[in-house]
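Participant: Just run15.txt, nothing more (compact mmCIF, C-alpha atoms and all ligand atoms):
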# COMPACT_ATOMS: atom_id res chain seq x y z
CA MET A 6 0.00 0.00 0.00
CA LEU A 7 1.19 3.54 -0.73
CA SER A 8 2.56 5.73 2.03
CA GLY A 9 4.32 9.09 2.11
CA LEU A 10 2.81 12.46 2.72
CA ALA A 11 -0.89 13.14 3.00
CA PRO A 12 -2.21 15.35 0.19
CA SER A 13 -1.93 19.10 0.69
CA ALA A 14 -4.99 21.22 1.50
CA ASP A 15 -5.61 22.03 -2.16
CA GLU A 16 -5.10 18.49 -3.49
CA ILE A 17 -8.03 16.21 -4.27
CA GLU A 18 -7.27 12.50 -3.90
CA LEU A 19 -9.07 9.34 -4.92
CA SER A 20 -7.52 6.11 -3.64
CA VAL A 21 -9.06 2.85 -4.82
CA PHE A 22 -8.24 -0.35 -2.89
CA GLY A 23 -8.80 -3.89 -4.15
CA PRO A 24 -7.67 -7.24 -2.77
CA GLY A 25 -9.01 -9.26 -5.72
CA LEU A 26 -12.47 -9.55 -4.26
CA GLY A 27 -14.13 -6.32 -3.35
CA GLU A 28 -13.27 -2.68 -3.22
CA GLY A 29 -13.04 0.35 -1.02
CA MET A 30 -12.07 3.98 -1.54
CA ALA A 31 -10.65 6.91 0.39
CA ILE A 32 -11.17 10.44 -0.91
CA HIS A 33 -9.51 13.65 0.21
CA LEU A 34 -12.02 16.46 -0.31
CA GLY A 35 -9.73 19.29 0.70
CA ASP A 36 -8.26 21.00 3.78
CA GLY A 37 -7.57 17.67 5.47
CA GLU A 38 -11.16 16.42 5.21
CA TRP A 39 -11.70 12.82 4.09
CA MET A 40 -14.46 10.42 3.21
CA THR A 41 -14.56 6.70 2.50
CA VAL A 42 -16.74 4.80 0.03
CA ASP A 43 -17.41 1.08 0.52
CA SER A 44 -14.81 -1.10 2.24
CA CYS A 45 -12.56 -4.12 1.89
CA TRP A 46 -10.12 -5.64 4.34
CA HIS A 47 -6.44 -4.85 4.59
CA ASP A 48 -6.20 -7.56 7.24
CA ARG A 49 -9.30 -9.63 7.86
CA ILE A 50 -7.89 -11.42 10.90
CA GLN A 51 -6.83 -8.20 12.64
CA GLN A 52 -10.05 -6.59 11.37
CA ILE A 53 -8.33 -3.62 9.75
CA PRO A 54 -10.11 -2.10 6.74
CA ALA A 55 -7.90 -1.07 3.80
CA ALA A 56 -8.88 2.61 3.99
CA GLN A 57 -8.08 2.77 7.70
CA HIS A 58 -4.68 1.14 7.18
CA TYR A 59 -3.85 3.58 4.40
CA LEU A 60 -5.03 6.70 6.23
CA ASP A 61 -2.98 5.62 9.27
CA ASN A 62 0.01 5.15 6.93
CA ILE A 63 -0.13 8.75 5.78
CA GLY A 64 -0.88 10.18 9.22
CA VAL A 65 -4.54 11.15 8.87
CA ASP A 66 -6.23 11.90 12.19
CA ARG A 67 -9.27 9.86 13.22
CA THR A 68 -11.39 13.01 13.35
CA ALA A 69 -10.63 13.88 9.72
CA VAL A 70 -13.00 11.32 8.15
CA LYS A 71 -16.38 13.04 7.87
CA HIS A 72 -18.41 10.81 5.55
CA ILE A 73 -18.68 7.04 5.15
CA VAL A 74 -20.77 5.76 2.25
CA ALA A 75 -22.02 2.21 1.64
CA THR A 76 -23.02 2.17 -2.04
CA HIS A 77 -24.86 -1.16 -1.63
CA TRP A 78 -24.89 -4.18 0.67
CA HIS A 79 -22.99 -6.81 -1.29
CA ASP A 80 -20.28 -8.57 0.69
CA ASP A 81 -17.51 -7.46 -1.64
CA HIS A 82 -18.25 -3.78 -0.87
CA VAL A 83 -18.95 -3.66 2.86
CA MET A 84 -16.27 -5.81 4.50
CA GLY A 85 -15.15 -3.82 7.54
CA ILE A 86 -17.37 -0.81 6.89
CA SER A 87 -18.76 -1.04 10.44
CA LYS A 88 -15.16 -0.95 11.70
CA LEU A 89 -14.57 2.26 9.75
CA LEU A 90 -17.63 3.77 11.34
CA GLU A 91 -16.42 2.75 14.81
CA PHE A 92 -12.90 4.04 14.13
CA TYR A 93 -13.90 7.45 12.77
CA PRO A 94 -16.11 9.05 15.41
CA HIS A 95 -16.97 12.18 13.40
CA ALA A 96 -18.19 10.39 10.31
CA GLN A 97 -21.72 10.63 9.00
CA PHE A 98 -23.03 7.38 7.53
CA TYR A 99 -24.85 7.12 4.17
CA TYR A 100 -26.54 4.16 2.50
CA PRO A 101 -28.74 3.66 -0.59
CA ASN A 102 -32.43 4.51 -0.27
CA TYR A 103 -33.48 1.52 -2.32
CA PHE A 104 -33.52 -2.15 -1.38
CA ASP A 105 -34.49 -5.22 -3.25
CA ALA A 106 -36.47 -7.75 -1.21
CA ASP A 107 -33.45 -9.57 0.27
CA GLU A 108 -31.65 -6.37 1.16
CA GLY A 109 -34.84 -4.91 2.59
CA ARG A 110 -35.39 -7.87 4.88
CA LYS A 111 -31.80 -7.63 6.04
CA PHE A 112 -32.20 -3.94 6.70
CA LEU A 113 -35.40 -4.40 8.68
CA ALA A 114 -33.88 -7.21 10.72
CA ALA A 115 -30.82 -5.09 11.48
CA TYR A 116 -32.86 -1.98 12.20
CA ALA A 117 -35.14 -3.84 14.55
CA GLY A 118 -32.13 -5.19 16.44
CA VAL A 119 -32.94 -8.84 15.80
CA ALA A 120 -30.07 -11.02 17.13
CA GLU A 121 -26.83 -10.15 15.38
CA PRO A 122 -26.62 -12.11 12.14
CA ALA A 123 -23.65 -14.43 11.68
CA VAL A 124 -23.14 -13.66 8.01
CA ARG A 125 -20.87 -10.97 6.77
CA GLY A 126 -22.74 -8.34 4.76
CA THR A 127 -25.75 -8.51 7.07
CA ARG A 128 -23.52 -8.24 10.12
CA GLU A 129 -21.81 -5.12 8.71
CA LEU A 130 -25.20 -3.52 8.23
CA TYR A 131 -26.33 -4.51 11.71
CA ARG A 132 -23.17 -3.22 13.38
CA SER A 133 -23.17 0.03 11.42
CA LEU A 134 -26.74 0.82 12.40
CA ARG A 135 -26.02 -0.10 16.00
CA THR A 136 -23.07 2.31 16.11
CA ILE A 137 -25.21 5.07 14.61
CA LYS A 138 -27.93 4.46 17.19
CA GLU A 139 -25.43 4.41 20.07
CA ARG A 140 -24.08 7.77 18.95
CA GLY A 141 -27.54 9.26 18.69
CA GLN A 142 -26.88 9.97 15.01
CA GLN A 143 -29.06 9.54 11.97
CA ALA A 144 -27.89 7.45 9.04
CA ILE A 145 -28.74 9.23 5.80
CA SER A 146 -30.31 7.38 2.91
CA ILE A 147 -29.35 8.62 -0.56
CA GLY A 148 -30.47 8.06 -4.13
CA ILE A 149 -30.99 9.90 -7.38
CA ARG A 150 -30.65 13.70 -6.97
CA SER A 151 -29.52 13.50 -3.34
CA ILE A 152 -27.10 16.18 -2.22
CA ILE A 153 -24.60 14.37 -0.03
CA HIS A 154 -22.24 17.19 0.75
CA GLU A 155 -21.70 20.79 -0.32
CA ALA A 156 -18.80 22.78 1.06
CA ASN A 157 -16.28 25.51 0.39
CA TYR A 158 -12.66 24.52 0.72
CA SER A 159 -9.54 26.63 0.32
CA TRP A 160 -9.30 25.34 -3.27
CA GLY A 161 -12.95 26.17 -4.18
CA SER A 162 -16.47 24.68 -3.90
CA LEU A 163 -17.43 21.03 -3.90
CA SER A 164 -20.87 19.63 -4.67
CA LEU A 165 -21.21 15.91 -4.03
CA THR A 166 -24.42 14.32 -5.29
CA SER A 167 -25.70 10.84 -6.02
CA LEU A 168 -27.16 9.87 -9.39
CA SER A 169 -28.69 6.57 -8.29
CA PRO A 170 -30.48 4.43 -7.25
CA VAL A 171 -33.79 5.53 -8.71
CA SER A 172 -36.73 5.28 -6.34
CA ALA A 173 -39.35 3.96 -8.79
CA ALA A 174 -39.40 0.43 -7.45
CA TRP A 175 -38.87 1.19 -3.78
CA GLU A 176 -42.46 1.06 -2.54
CA LYS A 177 -43.09 -2.11 -4.47
CA ALA A 178 -39.97 -3.76 -3.06
CA MET A 179 -40.86 -2.75 0.48
CA GLY A 180 -44.39 -4.07 -0.03
CA VAL A 181 -42.90 -7.43 -0.91
CA VAL A 182 -40.63 -7.23 2.13
CA TYR A 183 -43.44 -6.33 4.50
CA GLY A 184 -45.55 -9.22 3.29
CA THR A 185 -42.83 -11.83 3.71
CA ILE A 186 -40.76 -10.99 6.77
CA SER A 187 -40.78 -13.20 9.82
CA PRO A 188 -38.24 -13.46 12.65
CA GLY A 189 -36.69 -16.66 11.31
CA ASP A 190 -36.53 -15.31 7.84
CA ILE A 191 -33.33 -13.27 7.78
CA PRO A 192 -31.55 -14.09 4.53
CA ARG A 193 -28.18 -15.68 5.15
CA SER A 194 -26.66 -14.46 1.93
CA ILE A 195 -27.40 -12.29 -1.05
CA GLY A 196 -28.20 -15.30 -3.18
CA LYS A 197 -27.60 -15.61 -6.88
CA PRO A 198 -26.20 -12.56 -8.64
CA LYS A 199 -28.87 -10.39 -10.18
CA THR A 200 -28.86 -7.09 -11.97
CA ASN A 201 -27.67 -4.44 -9.57
CA ILE A 202 -30.05 -1.48 -9.62
CA SER A 203 -29.62 -0.51 -5.99
CA SER A 204 -26.07 0.90 -5.98
CA VAL A 205 -25.28 4.54 -5.31
CA VAL A 206 -23.37 6.26 -8.12
CA MET A 207 -21.67 9.41 -6.89
CA HIS A 208 -20.69 12.56 -8.73
CA PHE A 209 -18.14 15.02 -7.33
CA ASP A 210 -18.34 18.45 -8.94
CA PHE A 211 -15.18 20.43 -8.24
CA GLY A 212 -16.32 23.52 -10.14
CA SER A 213 -13.85 23.11 -12.98
CA ASP A 214 -13.66 19.33 -13.10
CA ALA A 215 -15.59 16.31 -11.87
CA MET A 216 -15.20 12.72 -10.70
CA LEU A 217 -17.62 9.81 -11.07
CA LEU A 218 -17.72 6.71 -8.84
CA GLY A 219 -19.76 4.04 -10.62
CA SER A 220 -20.24 1.65 -7.66
CA ASP A 221 -21.78 -1.61 -8.94
CA LEU A 222 -24.69 -0.11 -10.87
CA GLU A 223 -25.61 -2.15 -13.93
CA LEU A 224 -27.60 -1.67 -17.11
CA HIS A 225 -31.26 -2.57 -16.78
CA GLN A 226 -34.31 -2.25 -18.98
CA ASN A 227 -35.54 0.90 -17.29
CA LEU A 228 -33.71 1.19 -13.96
CA GLY A 229 -29.97 1.17 -13.32
CA TRP A 230 -27.78 3.24 -15.67
CA GLU A 231 -30.61 3.76 -18.16
CA ALA A 232 -32.60 5.63 -15.52
CA VAL A 233 -29.57 7.77 -14.67
CA LEU A 234 -29.00 8.62 -18.33
CA ALA A 235 -32.71 9.28 -18.93
CA ASP A 236 -32.82 11.76 -16.05
CA ALA A 237 -32.01 15.25 -17.35
CA TRP A 238 -30.57 16.38 -14.03
CA ALA A 239 -28.28 13.37 -13.70
CA SER A 240 -27.15 13.26 -17.32
CA ASN A 241 -26.37 17.00 -17.35
CA ARG A 242 -23.79 16.77 -14.55
CA ARG A 243 -20.37 18.17 -15.35
CA LYS A 244 -18.40 15.57 -17.32
CA SER A 245 -15.91 13.66 -15.17
CA SER A 246 -12.23 13.32 -15.99
CA ILE A 247 -11.84 10.46 -13.54
CA TYR A 248 -14.00 7.36 -13.22
CA LYS A 249 -14.16 4.41 -10.82
CA ILE A 250 -15.52 1.94 -13.32
CA ALA A 251 -18.87 0.40 -12.46
CA HIS A 252 -19.33 -3.22 -11.47
CA HIS A 253 -15.76 -4.44 -11.91
CA GLY A 254 -15.76 -3.56 -15.61
CA SER A 255 -18.48 -6.02 -16.61
CA LYS A 256 -20.28 -5.52 -19.91
CA THR A 257 -23.53 -5.47 -17.93
CA ALA A 258 -22.46 -2.12 -16.50
CA CYS A 259 -20.84 -0.52 -19.53
CA SER A 260 -22.26 1.40 -22.46
CA LEU A 261 -20.88 3.96 -24.88
CA THR A 262 -23.63 6.31 -23.70
CA ILE A 263 -22.23 6.31 -20.15
CA TRP A 264 -18.81 7.26 -21.48
CA ASN A 265 -20.17 9.87 -23.90
CA THR A 266 -22.67 11.45 -21.52
CA LEU A 267 -20.98 11.46 -18.14
CA LEU A 268 -17.25 11.38 -18.89
CA THR A 269 -14.71 13.55 -20.69
CA ALA A 270 -13.05 12.35 -23.88
CA ALA A 271 -10.21 10.43 -22.22
CA PRO A 272 -10.79 10.08 -18.48
CA ALA A 273 -8.45 8.26 -16.13
CA ALA A 274 -10.27 5.12 -15.04
CA ALA A 275 -9.75 2.55 -12.29
CA VAL A 276 -11.30 -0.90 -12.09
CA THR A 277 -11.36 -3.42 -9.24
CA GLN A 278 -11.54 -7.18 -9.66
CA PHE A 279 -14.22 -9.61 -8.63
CA LEU A 280 -12.85 -13.14 -8.32
CA GLN A 281 -15.15 -15.71 -6.84
CA GLY A 282 -15.81 -19.24 -7.99
CA ARG A 283 -16.19 -19.21 -11.75
CA THR A 284 -16.83 -15.49 -11.90
CA GLN A 285 -13.87 -13.36 -12.89
CA LEU A 286 -14.34 -9.70 -13.62
CA PRO A 287 -13.22 -7.86 -15.60
CA GLU A 288 -12.90 -10.41 -18.42
CA ALA A 289 -10.29 -9.94 -21.15
CA ALA A 290 -13.04 -8.69 -23.48
CA ASP A 291 -14.10 -6.14 -20.86
CA ILE A 292 -10.57 -4.76 -20.64
CA SER A 293 -10.28 -4.40 -24.43
CA ARG A 294 -13.67 -2.71 -24.61
CA ILE A 295 -12.76 -0.23 -21.87
CA LYS A 296 -9.39 0.46 -23.46
CA GLY A 297 -11.33 1.53 -26.53
CA TYR A 298 -12.85 4.27 -24.36
CA THR A 299 -9.74 5.44 -22.52
CA SER A 300 -5.99 5.00 -22.70
CA THR A 301 -5.53 5.50 -18.96
CA LEU A 302 -6.81 2.38 -17.26
CA HIS A 303 -5.64 1.07 -13.89
CA THR A 304 -6.62 -2.04 -12.00
CA THR A 305 -6.13 -2.64 -8.27
CA SER A 306 -5.14 -6.27 -8.83
CA THR A 307 -4.35 -8.69 -11.61
CA SER A 308 -4.66 -12.09 -10.00
CA THR A 309 -6.48 -14.79 -11.91
CA GLY A 310 -8.20 -17.97 -10.91
CA ARG A 311 -9.81 -18.80 -7.62
CA PRO A 312 -8.85 -16.94 -4.46
CA PRO A 313 -6.40 -19.02 -2.37
CA ARG A 314 -8.00 -21.73 -0.32
CA ALA A 315 -6.88 -22.84 3.12
CA THR A 316 -4.54 -25.82 2.97
CA ASP A 317 -5.32 -28.93 4.98
CA ALA A 318 -2.82 -27.84 7.64
CA GLU A 319 -4.46 -24.46 7.93
CA ARG A 320 -7.86 -26.06 8.15
CA LEU A 321 -6.59 -28.17 11.03
CA LEU A 322 -5.12 -25.14 12.78
CA THR A 323 -8.29 -23.15 12.39
CA SER A 324 -10.75 -25.93 13.01
CA GLY A 325 -11.21 -24.82 16.61
CA LEU A 326 -12.22 -21.35 15.49
CA LYS A 327 -15.74 -20.30 14.75
CA SER A 328 -15.02 -19.81 11.08
CA VAL A 329 -12.18 -20.71 8.76
CA ARG A 330 -10.67 -17.51 7.47
CA SER A 331 -8.97 -17.28 4.13
CA ILE A 332 -5.38 -16.08 3.85
CA PRO A 333 -5.22 -12.30 3.78
CA LYS A 334 -4.27 -11.16 0.32
CA ILE A 335 -2.23 -8.12 -0.61
CA VAL A 336 -4.41 -5.13 -1.29
CA GLY A 337 -3.57 -3.21 -4.44
CA GLN A 338 -4.02 0.55 -4.53
CA VAL A 339 -4.50 3.09 -7.29
CA ARG A 340 -4.08 6.68 -6.15
CA TYR A 341 -5.05 9.73 -8.17
CA ARG A 342 -4.18 13.20 -6.98
CA LYS A 343 -4.90 16.56 -8.50
CA ARG A 344 -3.87 19.98 -7.24
CA MET A 345 -6.82 22.31 -7.57
CA PRO A 346 -7.99 24.06 -9.51
CA SER A 347 -6.17 23.34 -12.73
CA ALA A 348 -3.45 20.67 -12.54
CA GLY A 349 -4.01 17.31 -14.23
CA TRP A 350 -4.52 14.05 -12.34
CA GLY A 351 -1.35 12.24 -11.35
CA ALA A 352 -1.51 8.47 -10.81
CA GLU A 353 0.48 6.21 -8.49
CA ILE A 354 0.02 2.51 -7.91
CA SER A 355 1.01 -0.05 -5.35
CA ALA A 356 1.31 -3.72 -6.40
CA PRO A 357 -0.55 -5.77 -7.36
CA ALA A 358 -2.24 -2.73 -8.87
CA THR A 359 -1.06 -2.04 -12.37
CA ILE A 360 -1.72 -0.08 -15.53
CA LEU A 361 -3.57 -2.02 -18.21
ZN ZN B 1 -18.89 -5.59 -6.51
Can you give me the file's structure in the form of structure tokens?
Ligand SMILES: [Zn+2]
Facilitator:
Amino acid sequence: MLSGLAPSADEIELSVFGPGLGEGMAIHLGDGEWMTVDSCWHDRIQQIPAAQHYLDNIGVDRTAVKHIVATHWHDDHVMGISKLLEFYPHAQFYYPNYFDADEGRKFLAAYAGVAEPAVRGTRELYRSLRTIKERGQQAISIGIRSIIHEANYSWGSLSLTSLSPVSAAWEKAMGVVYGTISPGDIPRSIGKPKTNISSVVMHFDFGSDAMLLGSDLELHQNLGWEAVLADAWASNRRKSSIYKIAHHGSKTACSLTIWNTLLTAAPAAAVTQFLQGRTQLPEAADISRIKGYTSTLHTTSTSTGRPPRATDAERLLTSGLKSVRSIPKIVGQVRYRKRMPSAGWGAEISAPATIL
């Protein structure tokens, strides 16, 4: 992971972390103020999230992180996010204002304080909401046209908004949830992958430039990216010169219209991997397609194949534990910095991150 000096007051930073499964981000907004978006582990056994490890590395104070965003509740995006919330006492917590039925049931179970779930994504949600309640705070739900943060920094004005999820299906989804929930009915996992229409896409308007974080939002007949692009407010945002590519670069989250409408001609772009079972994203075809859109493409990791499995010896050693933990993997980092208002974005990487 990268170290060195923290960015100066007038430097914007986007750091993208990826261990091969999942992603997290740390963003310097200006004047020493930070936010994090999603989360993955630096060290799962020690329970240290990647963003926390990095911010410690560069000497950022615990009070400097003001916003923590969960773009959606999939395991590969929320590992350790409750730890971030515990570690950064001044942070406001944001989550998407849309749930599908499974996510909605998890949310209700967590909100109601039903016994702490043993599974990961659900447990992160439960613990985050518990921390919020203990602090007497409100978690803030966000979706299309939400203003997350507006502020004046020494470098100029920032307007941070979310372009998704759209709310059209929310009442319907919650109706389904309400009709089906029972105490023994907390979903133990997300289930089979389905089109992601519930992720928060965020747009940072820096006045003279912009940045787009695509979360895991996918294309969908009339929700997802199509709804963002069909919304005049969302599609008229300032074009972004930097892009955290949506949904690990999959073709289900990529269209020429996204690149033409929301991004500048040749933005810098970062992708994170998703390696689980037979699913490997991005695929080779995804990388070639994206390289047709931009010549500056970074990935946080380049591993292939299945994530490492515990050997027999490790299984034996860990068999007395409650759960067998996989070997911590090295977290790759892509770091973009830009001195405001007019310098270009500089990029640095830490292995296994690389330029594609
Ligand atoms: Zn993902």
Participant: Mind pulling up the distance from atom CA of A:Leu218 to atom CA of A:Leu26?
Facilitator: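 Atom CA of A:Leu26 sits 17.7 Å away from atom CA of A:Leu218.
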Participant: To one decimal place in Å, what is the distance between atom CA of A:Pro346 and atom CA of A:Asn62?
Facilitator: 26.3 Å
Participant: Produce a table with one row for each residue of chain A that has an atom at most 7 Å from any atom of ligand ZN 1 (chain B), each row naming the nearest atom pair and its distance in Å at one decimal; use all atoms listed in the file; arrange rows by chain and rising residue number; format as CSV.
Facilitator:
residue,atom,partner,partner_atom,distance
A:Gly27,CA,B:ZN1,ZN,5.8
A:His79,CA,B:ZN1,ZN,6.7
A:Asp81,CA,B:ZN1,ZN,5.4
A:His82,CA,B:ZN1,ZN,6.0
A:Asp221,CA,B:ZN1,ZN,5.5
A:His252,CA,B:ZN1,ZN,5.5
A:His253,CA,B:ZN1,ZN,6.3
A:Phe279,CA,B:ZN1,ZN,6.5
Participant: With only C-alpha atoms as the basis for distance, which of A:Ala273, A:Ile86, A:Met40, A:Leu168 is at the shortest distance from A:Asn241?
Facilitator: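 With only C-alpha atoms as the atom set, the closest residue is A:Leu168.
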Participant: Give me the residues near stretch 126-131 of chain A as number ranges by chain, where near means some atom within 7 Å (using all atoms listed in the file) and where sequence neighbours in that chain fewer than 6 positions away do not count.
Facilitator: A: 78-80, 83-87, 111, 115
Participant: So the first atom is atom CA of A:Ser204 and the second is atom CA of A:Ala96; what is the distance between them in Å, to one decimal place?
Facilitator: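 Value for the atom CA of A:Ser204-atom CA of A:Ala96 distance: 20.4 Å.
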